[in-house]
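Engineer: Take a look at structure26.csv, CSV, C-alpha atoms:
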chain,number,residue,atom,x,y,z
F,2,MET,CA,115.4,72.8,81.6
F,3,SER,CA,112.3,73.6,83.6
F,4,GLU,CA,112.0,76.9,85.5
F,5,THR,CA,111.2,76.7,89.2
F,6,PRO,CA,108.6,79.1,90.6
F,7,THR,CA,109.9,82.1,92.5
F,8,ARG,CA,108.1,82.8,95.8
F,9,ILE,CA,108.0,86.1,97.6
F,10,GLU,CA,106.6,86.3,101.2
F,11,LEU,CA,105.5,89.7,102.5
F,12,SER,CA,104.4,90.6,106.1
F,13,PRO,CA,104.2,93.8,108.1
F,14,ARG,CA,107.0,94.7,110.5
F,15,CYS,CA,105.8,94.3,114.0
F,16,SER,CA,108.4,95.1,116.6
F,17,LEU,CA,105.9,95.1,119.6
F,18,THR,CA,105.5,91.6,121.1
F,19,PRO,CA,102.3,90.6,122.8
F,20,ARG,CA,104.0,90.7,126.2
F,21,GLY,CA,105.4,94.2,125.4
F,22,ALA,CA,101.9,95.3,124.4
F,23,VAL,CA,100.5,94.2,127.7
F,24,ILE,CA,103.2,95.9,129.6
F,25,PHE,CA,102.8,99.1,127.6
F,26,PHE,CA,99.0,99.1,128.0
F,27,GLY,CA,99.1,98.3,131.7
F,28,SER,CA,101.6,101.0,132.4
F,29,LEU,CA,99.6,103.6,130.5
F,30,CYS,CA,96.4,102.5,132.3
F,31,ALA,CA,98.2,102.8,135.7
F,32,VAL,CA,99.5,106.3,135.0
F,33,SER,CA,96.2,107.5,133.5
F,34,PHE,CA,94.0,106.2,136.3
F,35,THR,CA,96.4,107.4,139.0
F,36,VAL,CA,96.4,110.9,137.6
F,37,SER,CA,92.6,111.0,136.9
F,38,GLY,CA,92.0,109.5,140.4
F,39,LEU,CA,94.0,112.2,142.0
F,40,ILE,CA,92.1,114.9,140.0
F,41,ALA,CA,88.8,113.2,140.9
F,42,LEU,CA,89.6,113.5,144.6
F,43,GLN,CA,89.8,117.2,144.2
F,44,GLY,CA,86.2,117.3,143.0
F,45,PHE,CA,86.6,116.9,139.3
F,46,TRP,CA,85.0,113.5,139.2
F,47,PRO,CA,83.9,113.7,135.5
F,48,VAL,CA,87.5,113.1,134.5
F,49,LEU,CA,87.3,109.4,135.4
F,50,PRO,CA,84.8,108.3,132.7
F,51,PHE,CA,86.9,110.1,130.1
F,52,ALA,CA,90.1,108.4,131.3
F,53,GLY,CA,88.3,105.1,131.0
F,54,LEU,CA,87.0,105.9,127.5
F,55,GLU,CA,90.5,107.0,126.5
F,56,MET,CA,92.1,103.7,127.7
F,57,ALA,CA,89.3,101.7,126.1
F,58,LEU,CA,90.1,103.3,122.7
F,59,LEU,CA,93.8,102.9,123.2
F,60,GLY,CA,93.2,99.2,124.0
F,61,TRP,CA,91.1,98.8,120.8
F,62,ALA,CA,93.8,100.5,118.7
F,63,LEU,CA,96.5,98.3,120.2
F,64,LYS,CA,94.5,95.1,119.5
F,65,VAL,CA,94.0,96.2,115.9
F,66,SER,CA,97.7,96.9,115.5
F,67,MET,CA,98.6,93.6,117.1
F,68,ASP,CA,96.2,91.7,114.8
F,69,ARG,CA,98.0,93.1,111.7
F,70,ARG,CA,101.1,91.1,112.5
F,71,HIS,CA,99.2,88.0,111.2
F,72,HIS,CA,98.7,89.5,107.7
F,73,ARG,CA,100.7,87.6,105.1
F,74,GLN,CA,100.9,88.0,101.3
F,75,THR,CA,102.6,85.3,99.2
F,76,ILE,CA,103.4,86.0,95.5
F,77,THR,CA,104.4,83.0,93.4
F,78,VAL,CA,105.7,83.6,89.9
F,79,SER,CA,105.8,80.5,87.8
F,80,PRO,CA,106.5,80.1,84.1
F,81,ASP,CA,102.8,80.4,83.3
F,82,SER,CA,101.1,82.3,86.1
F,83,VAL,CA,101.4,84.9,88.9
F,84,GLU,CA,99.6,83.8,92.0
F,85,ILE,CA,98.9,86.0,95.0
F,86,GLU,CA,97.6,84.6,98.3
F,87,ASP,CA,96.5,87.2,100.8
F,88,ALA,CA,95.9,85.8,104.3
F,89,GLN,CA,94.5,87.9,107.1
F,90,PRO,CA,93.0,86.7,110.4
F,91,ALA,CA,89.4,87.3,109.2
F,92,ARG,CA,89.8,86.2,105.5
F,93,CYS,CA,92.0,84.5,102.9
F,94,SER,CA,91.9,85.2,99.2
F,95,ARG,CA,93.8,83.9,96.2
F,96,VAL,CA,94.2,85.5,92.8
F,97,VAL,CA,95.9,84.0,89.7
F,98,PHE,CA,97.0,86.1,86.7
F,99,PRO,CA,98.5,84.7,83.5
F,100,ARG,CA,102.1,85.7,83.6
F,101,HIS,CA,102.3,86.5,80.0
F,102,TRP,CA,99.7,89.2,80.3
F,103,ALA,CA,100.3,90.4,83.9
F,104,GLN,CA,101.5,94.0,84.5
F,105,VAL,CA,103.1,95.5,87.6
F,106,ARG,CA,102.1,99.1,88.2
F,107,ILE,CA,102.7,101.7,90.8
F,108,ARG,CA,99.7,104.0,91.1
F,109,ALA,CA,100.4,107.4,92.5
F,110,ALA,CA,98.4,108.5,95.5
F,111,ALA,CA,95.6,111.0,95.1
F,112,SER,CA,97.0,113.0,98.0
F,113,PRO,CA,100.6,113.6,99.2
F,114,LEU,CA,99.6,112.3,102.6
F,115,HIS,CA,98.7,108.8,101.2
F,116,PRO,CA,101.2,106.2,99.9
F,117,SER,CA,101.3,104.9,96.4
F,118,ARG,CA,99.7,101.6,95.5
F,119,LEU,CA,101.5,98.6,93.9
F,120,THR,CA,99.2,96.5,91.8
F,121,ILE,CA,99.4,93.5,89.6
F,122,GLU,CA,96.9,93.7,86.8
F,123,SER,CA,95.6,91.6,83.9
F,124,HIS,CA,92.5,91.5,81.8
F,125,GLY,CA,90.7,94.3,83.7
F,126,ARG,CA,91.4,92.8,87.1
F,127,ARG,CA,93.9,94.2,89.6
F,128,PHE,CA,95.2,93.2,93.0
F,129,GLU,CA,97.1,95.4,95.4
F,130,VAL,CA,100.2,93.9,97.0
F,131,GLY,CA,102.4,95.3,99.8
F,132,SER,CA,100.0,97.9,101.2
F,133,PHE,CA,101.8,97.7,104.5
F,134,LEU,CA,105.2,98.3,103.0
F,135,ASN,CA,106.9,101.7,103.1
F,136,GLU,CA,107.5,103.6,99.9
F,137,GLN,CA,111.1,102.5,99.4
F,138,GLU,CA,110.2,98.8,100.0
F,139,ARG,CA,107.2,99.1,97.7
F,140,GLN,CA,109.4,100.6,94.9
F,141,GLY,CA,112.0,97.8,95.4
F,142,LEU,CA,109.3,95.1,95.3
F,143,ALA,CA,107.9,96.6,92.1
F,144,GLN,CA,111.4,96.5,90.4
F,145,ARG,CA,111.8,92.9,91.5
F,146,LEU,CA,108.4,91.9,90.2
F,147,ARG,CA,108.9,93.7,86.9
F,148,ARG,CA,112.2,91.7,86.4
F,149,LEU,CA,110.4,88.4,87.2
F,150,ILE,CA,107.1,89.0,85.4
F,151,GLY,CA,108.4,91.2,82.5
F,152,ARG,CA,106.3,93.4,80.3
F,153,VAL,CA,103.2,92.3,78.4
F,154,ASP,CA,104.2,89.8,75.7
F,155,GLU,CA,107.5,89.2,77.5
F,156,SER,CA,108.1,86.4,80.0
F,157,PRO,CA,111.7,86.5,81.1
F,158,SER,CA,113.3,83.4,82.4
F,159,LEU,CA,112.9,82.8,86.2
F,160,LEU,CA,116.4,81.5,86.3
F,161,GLY,CA,118.0,84.9,85.6
F,162,PRO,CA,120.6,85.8,83.0
F,163,SER,CA,122.8,82.9,81.8
Just give me the structure as structure tokens.
Structural biologist:
Amino acid sequence: MSETPTRIELSPRCSLTPRGAVIFFGSLCAVSFTVSGLIALQGFWPVLPFAGLEMALLGWALKVSMDRRHHRQTITVSPDSVEIEDAQPARCSRVVFPRHWAQVRIRAAASPLHPSRLTIESHGRRFEVGSFLNEQERQGLAQRLRRLIGRVDESPSLLGPS
């Protein structure tokens, strides 16, 4: 019986819709420019350029955040290989590891303020997966990948226990 490949699709959670982002940004601009305009009328006109700069930075940060919703990672575990496809708006990359030698590792962060890193490694190469996941999701993905890939010199069946 041939084993069918297992495919795992990862993408960041993005609860803000493009329409919601426009409404959010527009309402903040309206409030900011209204308040700064009223302050400028009292003679404190230097407030206006800073309000404009603040809204420009907020708009840039919102755009970067909205662009992240297009990031996709696809991990395909077949009997012979582990393939990772990383698709972002600006670039797309694909890495293939031999399943028999692939290892799933969680690397601890250098600082408590940073998240751990989940990598798939083989023959001196490594690729980080799920960088946008929270710690609990990353740990769960690591367990699932370890069951699918196995340890070095061990390739468990993709069909699961019989």
Engineer: Can you work out which one of F:Ser66, F:Ser94, F:Ser117, F:Gln144 has the shortest atom-to-atom distance to Pro13 of chain F, counting all atoms listed in the file?
Structural biologist: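 Going through F:Ser66, F:Ser94, F:Ser117, F:Gln144 one by one, the smallest distance to Pro13 of chain F is for F:Ser66.
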Engineer: Measuring between all atoms listed in the file, which one of F:Arg147, F:Thr35, F:Arg126, F:Ser79 shows the shortest distance to Glu4 of chain F?
Structural biologist: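 Closest residue, counting all atoms listed in the file: F:Ser79.
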Engineer: For Ser132 of chain F, find every residue with an atom within 9 Å (counting all atoms listed in the file), except residues of its own chain fewer than 5 positions away, and show them as a PDB file with C-alpha atoms, in the frame of the given file.
Structural biologist:
ATOM      1  CA  PRO F 116     101.200 106.200  99.900  1.00  0.00           C
ATOM      2  CA  SER F 117     101.300 104.900  96.400  1.00  0.00           C
ATOM      3  CA  ARG F 118      99.700 101.600  95.500  1.00  0.00           C
ATOM      4  CA  LEU F 119     101.500  98.600  93.900  1.00  0.00           C
ATOM      5  CA  ARG F 139     107.200  99.100  97.700  1.00  0.00           C
TER       6      ARG F 139
END
Engineer: Tell me which of F:Gly151, F:Phe133, F:Arg108, F:Ile24 sits closest to Gly60 of chain F, counting all atoms listed in the file.
Structural biologist: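 Nearest candidate to Gly60 of chain F out of F:Gly151, F:Phe133, F:Arg108, F:Ile24: F:Ile24.
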Engineer: Between atom CA of Val23 of chain F and atom CA of Phe45 of chain F, measure the distance and give it in Å to one decimal.
Structural biologist: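 Those two atoms sit 29.0 Å apart.
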Engineer: List the spatial neighbours of Pro80 of chain F as a ChimeraX atom specification - criterion: any atom at most 7 Å away, all atoms listed in the file, same-chain residues fewer than 2 positions off excluded.
Structural biologist: /F:4,6,78,82
Engineer: Could you write those residues out with C-alpha atoms, as a short mmCIF file (atom, residue, chain, number, x, y, z; two decimals), keeping the file's coordinate frame?
Structural biologist:
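Written out: part.cif:
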data_model
loop_
_atom_site.label_atom_id
_atom_site.label_comp_id
_atom_site.auth_asym_id
_atom_site.auth_seq_id
_atom_site.Cartn_x
_atom_site.Cartn_y
_atom_site.Cartn_z
CA GLU F 4 112.00 76.90 85.50
CA PRO F 6 108.60 79.10 90.60
CA VAL F 78 105.70 83.60 89.90
CA SER F 82 101.10 82.30 86.10
#
Engineer: Grab the atom CA of Ile40 of chain F to atom CA of Lys64 of chain F distance for me, in Å with one decimal place.
Structural biologist: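 That distance, rounded to one decimal, is 28.6 Å.
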Engineer: Enumerate, as a list in words, the protein, DNA and RNA residues whose atoms approach (96.5, 84.5, 100.2) to within 7 Å, taking into account only C-alpha atoms and the coordinate frame of the file.
Structural biologist: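 So the residues meeting the distance criterion are Gln74, Thr75, Ile85, Glu86, Asp87, Ala88, Cys93, Ser94 and Arg95 of chain F.
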Engineer: Just checking: using all atoms listed in the file, which residue out of F:Ala22, F:Ile76, F:Leu42, F:Val105 ends up closest to Ala62 of chain F?
Structural biologist: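 For Ala62 of chain F, the nearest of the given residues is F:Ala22.
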Engineer: Report, in Å with one decimal, the straight-line distance from atom CA of Leu146 of chain F to atom CA of Val130 of chain F.
Structural biologist: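 Between atom CA of Leu146 of chain F and atom CA of Val130 of chain F the gap is 10.8 Å.
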